[in-house]
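Below: one structure, written as structure tokens.
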Amino acid sequence: MATIYYDDDADLSLIQGKKVAVLGYGSQGHAHALNLRDSGVDVRVGLRPGSTSRQRAEEQGLVVKDTNEAAAEADVIVLLLPDTHQKAAWEDGLADAVEAGNALVFGHGFNILYEFVQPPEDVDVFLVAPKSPGHIVRRLYEQGQGTPGLLAVHQDATGTAWDLGKSYAAGLGLTRTGLLETTFKEETETDLFGEQAVLCGGVSHLVRDGFETLVEAGYQPEAAYFECLHELKLIVDMMYEGGISWMRHSVSTTAEWGDYVSGPRVINDSSREAMGQILAEIQDGSFAQGFMDEWEAGAENFAGYRKAGRDHQIEQVGKQVRKMMPWLDEPTEELEA
């Protein structure tokens with residue numbers, strides 16, 4: 001059985017007695033910093049000079065300092081920079097700012113598992129990962145609720161890493177719902193696999209290929225968009241609320257029968273074999289190394305994939321179809337080039 005911690009298992013005063021530096025102010029960074037502050041923790045945000053997030057963090061009442069300065073004055077240093085940026089930040093002075101007895105906190109185990117960041121042996125290293133986007137972590141905290149989360153300890157130099165990790169998670173509101181004990185290896189490998197094979201890679205390509213199949217067969221692109229993308233949220237919501245069986249109970253018997261007899265023709269032994277290969281590449285580190293090599297070489301292929309995806313017909317059709325739905329909140333943030 002899984003080990004799950006709740007509020008009664010955590011002593012919030014432990015993190016309240018520490019100086020915390022949250023490095024990064026993106027989706028997770030802003031939620032960690034604001035929730036900790038509102039939980040009575042002494043927080044500062046560490047950002048690179050010229051960061052576009054500096055003004056936003058200051059407007060939200062947070063102390064903002066340069067990355068290494070913030071880390072140097074903290075007892076608990078939280079690395080919430082993108083995976084691709086953590087190695088460079090560590091080598092660019094962050095490693096020198098970390099002192100014996102400090103705690104390094106990660107939101108994802110990527111850089112520790114694959115050893116792109118190698119902390120000294122005299123610091124605690126643990127992971128606290130909310131299982132939700134940062135804006136939801138923040139919103140539910142403000143509503144007196146919380147999101148589920150994961151806790152793992154890679155290095156317990158002080159003998160207090162587990163207790164401090166639970167305290168940190170309580171400051172985020174995670175122990176209100178449940179904090180699952182895991183390992184850096186399990187968190188990282190399952191997270192990468194879920195993203196690639198199911199949640200991002202699997203779903204997005206299934207949607208796009210279904211759209212293309214209908215359009216190439218002569219159906220209206222708008223109709224294909226509704227059937228292959230728009231209605232996906234309805235299905236996922238039902239699965240989220242009550243599992244796959246609840247979704248099958250809620251749809252028509254025609255749809256349920258099609259699920260049973262046609263689904264395995266699309267997702268089959270060939271798909272499972274590909275999933276197994278994806279997992280193997282995650283486990284042996286070749287995916288991580290290839291990704292970091294791509295980034296350090298200038299990310300030209302990455303940029304090409306991104307542009308091709310944004311130029312796809314389903315994106316252009318979607319922009320027009322969504323104008324029919326004024327209740328939708330279109331993203332206001334500019335997409336990166």
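Lettering and numbering for the structure tokens are positional, with chains as A, B, ... in the shown order, residues counted from 1 in each chain, and ligands counted from 1 in the shown order.
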request  = Output as a PyMOL selection string all residues of stretch 100-326 of chain A that backbone DSSP marks as strand (DSSP E or B).
outcome  = chain A and resi 103-106+124-130+149-155+179-181
task = List the neighbours of A:Ile278 out to 12 Å using only C-alpha atoms; skip same-chain residues closer than 2 positions along the sequence, and give me the result as a list in words.
result =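 Neighbouring residues, sequence-local ones excluded: Glu189, Thr190, Leu192, Phe193, Gly194, Glu195, Gln196, Ala197, Val198, Gly201, Gly202, Ser271, Arg272, Glu273, Ala274, Met275, Gly276, Ala280, Glu281, Ile282, Gln283, Asp284, Gly285, Ser286, Phe287 and Ala288 of chain A.
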query = Which of these residues is nearest to A:Val105, using only C-alpha atoms: A:Met292, A:Val43, A:Leu23, A:Ile136?
reply = A:Leu23
message = Which residues are near A:Ala157? Cut-off 6 Å, only C-alpha atoms, ignore same chain within fewer than 4 positions. Put them as a count of residues only.
response = 3
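You will find atom CA of A:Arg138 at 5.1 Å from atom CA of A:Ala31.
When the distance limit is 8 Å and only C-alpha atoms are what count, the residues near stretch 169-173 of chain A, minus those fewer than 4 positions from it on the same chain, are A:Asp7, A:Ala10, A:Asp11, A:Leu12, A:Ile15, A:Ala31, A:His32, A:Asn35, A:Leu36, A:Ser39, A:Val41, A:Val128, A:Val137, A:Tyr141, A:Gln145, A:Gly146, A:Thr147, A:Gly149, A:Leu151, A:Gly165, A:Thr177, A:Leu179.
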key: Residues within 8 Å of stretch 313-323 of chain A, only C-alpha atoms, excluding chain neighbours under 4 positions, as a PyMOL selection string   = chain A and resi 208+211+221-222+225+309+328
request  = Write out as a VMD selection string which residues come within 10 Å of stretch 81-92 of chain A when counting only C-alpha atoms, dropping same-chain ones fewer than 5 positions away.
outcome  = chain A and resid 22 to 26 28 to 29 46 to 48 67 to 68 97 to 98 106 to 112 115 to 119 291 to 293 295 to 296
Dump as a PDB file, in the first residue's frame, selection limited to N, CA and C atoms:
ATOM      1  N   VAL A  22      12.794  30.633  -3.529  1.00  0.00           N
ATOM      2  CA  VAL A  22      12.149  29.954  -4.652  1.00  0.00           C
ATOM      3  C   VAL A  22      12.771  30.503  -5.928  1.00  0.00           C
ATOM      4  N   LEU A  23      13.489  29.661  -6.650  1.00  0.00           N
ATOM      5  CA  LEU A  23      14.182  30.081  -7.860  1.00  0.00           C
ATOM      6  C   LEU A  23      13.303  29.774  -9.066  1.00  0.00           C
ATOM      7  N   GLY A  24      12.837  30.829  -9.712  1.00  0.00           N
ATOM      8  CA  GLY A  24      11.914  30.698 -10.829  1.00  0.00           C
ATOM      9  C   GLY A  24      10.531  31.166 -10.417  1.00  0.00           C
ATOM     10  N   TYR A  25       9.811  31.786 -11.362  1.00  0.00           N
ATOM     11  CA  TYR A  25       8.476  32.304 -11.043  1.00  0.00           C
ATOM     12  C   TYR A  25       7.500  31.994 -12.179  1.00  0.00           C
ATOM     13  N   GLY A  26       7.609  30.766 -12.669  1.00  0.00           N
ATOM     14  CA  GLY A  26       6.679  30.320 -13.699  1.00  0.00           C
ATOM     15  C   GLY A  26       5.443  29.700 -13.083  1.00  0.00           C
ATOM     16  N   GLN A  28       4.784  26.772 -11.589  1.00  0.00           N
ATOM     17  CA  GLN A  28       4.946  26.234 -10.241  1.00  0.00           C
ATOM     18  C   GLN A  28       5.596  27.243  -9.301  1.00  0.00           C
ATOM     19  N   GLY A  29       6.562  28.011  -9.790  1.00  0.00           N
ATOM     20  CA  GLY A  29       7.293  28.929  -8.935  1.00  0.00           C
ATOM     21  C   GLY A  29       6.405  29.940  -8.240  1.00  0.00           C
ATOM     22  N   GLY A  46      14.103  34.106  -6.363  1.00  0.00           N
ATOM     23  CA  GLY A  46      15.357  34.307  -7.071  1.00  0.00           C
ATOM     24  C   GLY A  46      15.150  34.252  -8.566  1.00  0.00           C
ATOM     25  N   LEU A  47      15.544  35.345  -9.257  1.00  0.00           N
ATOM     26  CA  LEU A  47      15.389  35.428 -10.705  1.00  0.00           C
ATOM     27  C   LEU A  47      16.670  35.974 -11.329  1.00  0.00           C
ATOM     28  N   ARG A  48      16.906  35.620 -12.574  1.00  0.00           N
ATOM     29  CA  ARG A  48      18.080  36.164 -13.270  1.00  0.00           C
ATOM     30  C   ARG A  48      17.861  37.651 -13.531  1.00  0.00           C
ATOM     31  N   THR A  67      19.269  35.387  -8.609  1.00  0.00           N
ATOM     32  CA  THR A  67      19.200  33.961  -8.267  1.00  0.00           C
ATOM     33  C   THR A  67      20.196  33.550  -7.195  1.00  0.00           C
ATOM     34  N   ASN A  68      21.469  33.821  -7.414  1.00  0.00           N
ATOM     35  CA  ASN A  68      22.495  33.355  -6.480  1.00  0.00           C
ATOM     36  C   ASN A  68      22.430  34.092  -5.144  1.00  0.00           C
ATOM     37  N   ALA A  97      26.647  28.894  -3.799  1.00  0.00           N
ATOM     38  CA  ALA A  97      25.774  29.564  -2.829  1.00  0.00           C
ATOM     39  C   ALA A  97      25.170  28.588  -1.823  1.00  0.00           C
ATOM     40  N   VAL A  98      25.250  27.289  -2.114  1.00  0.00           N
ATOM     41  CA  VAL A  98      24.658  26.273  -1.248  1.00  0.00           C
ATOM     42  C   VAL A  98      25.649  25.895  -0.154  1.00  0.00           C
ATOM     43  N   PHE A 106      13.288  20.177  -5.204  1.00  0.00           N
ATOM     44  CA  PHE A 106      12.977  20.114  -6.628  1.00  0.00           C
ATOM     45  C   PHE A 106      11.482  19.842  -6.813  1.00  0.00           C
ATOM     46  N   GLY A 107      10.945  20.324  -7.929  1.00  0.00           N
ATOM     47  CA  GLY A 107       9.568  20.022  -8.279  1.00  0.00           C
ATOM     48  C   GLY A 107       9.462  18.859  -9.236  1.00  0.00           C
ATOM     49  N   HIS A 108      10.607  18.396  -9.732  1.00  0.00           N
ATOM     50  CA  HIS A 108      10.684  17.280 -10.675  1.00  0.00           C
ATOM     51  C   HIS A 108      12.086  16.709 -10.552  1.00  0.00           C
ATOM     52  N   GLY A 109      12.205  15.390 -10.632  1.00  0.00           N
ATOM     53  CA  GLY A 109      13.479  14.753 -10.347  1.00  0.00           C
ATOM     54  C   GLY A 109      14.454  14.655 -11.498  1.00  0.00           C
ATOM     55  N   PHE A 110      14.132  15.223 -12.654  1.00  0.00           N
ATOM     56  CA  PHE A 110      14.897  15.061 -13.888  1.00  0.00           C
ATOM     57  C   PHE A 110      16.394  15.290 -13.697  1.00  0.00           C
ATOM     58  N   ASN A 111      16.764  16.466 -13.185  1.00  0.00           N
ATOM     59  CA  ASN A 111      18.181  16.820 -13.128  1.00  0.00           C
ATOM     60  C   ASN A 111      18.961  16.040 -12.075  1.00  0.00           C
ATOM     61  N   ILE A 112      18.277  15.565 -11.051  1.00  0.00           N
ATOM     62  CA  ILE A 112      18.939  14.738 -10.043  1.00  0.00           C
ATOM     63  C   ILE A 112      19.076  13.300 -10.539  1.00  0.00           C
ATOM     64  N   GLU A 115      21.621  13.157 -13.183  1.00  0.00           N
ATOM     65  CA  GLU A 115      22.899  13.698 -12.697  1.00  0.00           C
ATOM     66  C   GLU A 115      23.397  14.900 -13.480  1.00  0.00           C
ATOM     67  N   PHE A 116      22.493  15.702 -14.034  1.00  0.00           N
ATOM     68  CA  PHE A 116      22.901  16.968 -14.625  1.00  0.00           C
ATOM     69  C   PHE A 116      23.218  17.977 -13.519  1.00  0.00           C
ATOM     70  N   VAL A 117      22.594  17.814 -12.361  1.00  0.00           N
ATOM     71  CA  VAL A 117      22.925  18.571 -11.153  1.00  0.00           C
ATOM     72  C   VAL A 117      23.360  17.558 -10.104  1.00  0.00           C
ATOM     73  N   GLN A 118      24.544  17.771  -9.532  1.00  0.00           N
ATOM     74  CA  GLN A 118      25.088  16.840  -8.535  1.00  0.00           C
ATOM     75  C   GLN A 118      25.390  17.604  -7.248  1.00  0.00           C
ATOM     76  N   PRO A 119      24.450  17.621  -6.302  1.00  0.00           N
ATOM     77  CA  PRO A 119      24.642  18.365  -5.054  1.00  0.00           C
ATOM     78  C   PRO A 119      25.725  17.729  -4.189  1.00  0.00           C
ATOM     79  N   PHE A 291      17.559  14.968 -25.171  1.00  0.00           N
ATOM     80  CA  PHE A 291      16.851  16.236 -24.972  1.00  0.00           C
ATOM     81  C   PHE A 291      17.821  17.347 -24.589  1.00  0.00           C
ATOM     82  N   MET A 292      18.712  17.072 -23.649  1.00  0.00           N
ATOM     83  CA  MET A 292      19.669  18.089 -23.225  1.00  0.00           C
ATOM     84  C   MET A 292      20.661  18.418 -24.349  1.00  0.00           C
ATOM     85  N   ASP A 293      21.067  17.427 -25.126  1.00  0.00           N
ATOM     86  CA  ASP A 293      21.953  17.671 -26.265  1.00  0.00           C
ATOM     87  C   ASP A 293      21.270  18.590 -27.278  1.00  0.00           C
ATOM     88  N   TRP A 295      18.921  20.783 -26.692  1.00  0.00           N
ATOM     89  CA  TRP A 295      18.798  22.130 -26.135  1.00  0.00           C
ATOM     90  C   TRP A 295      20.127  22.864 -26.184  1.00  0.00           C
ATOM     91  N   GLU A 296      21.205  22.187 -25.792  1.00  0.00           N
ATOM     92  CA  GLU A 296      22.513  22.833 -25.743  1.00  0.00           C
ATOM     93  C   GLU A 296      23.056  23.113 -27.143  1.00  0.00           C
TER      94      GLU A 296
END
request  = Enumerate as a list in words all residues of stretch 112-170 of chain A assigned to alpha helix (DSSP H) by DSSP on the backbone, naming them with the chain letters and numbers the document uses.
outcome  = Ile112, Leu113, Gly134, His135, Ile136, Val137, Arg138, Arg139, Leu140, Tyr141, Glu142, Ala161, Trp162, Asp163, Leu164, Gly165, Lys166, Ser167, Tyr168, Ala169 and Ala170 of chain A
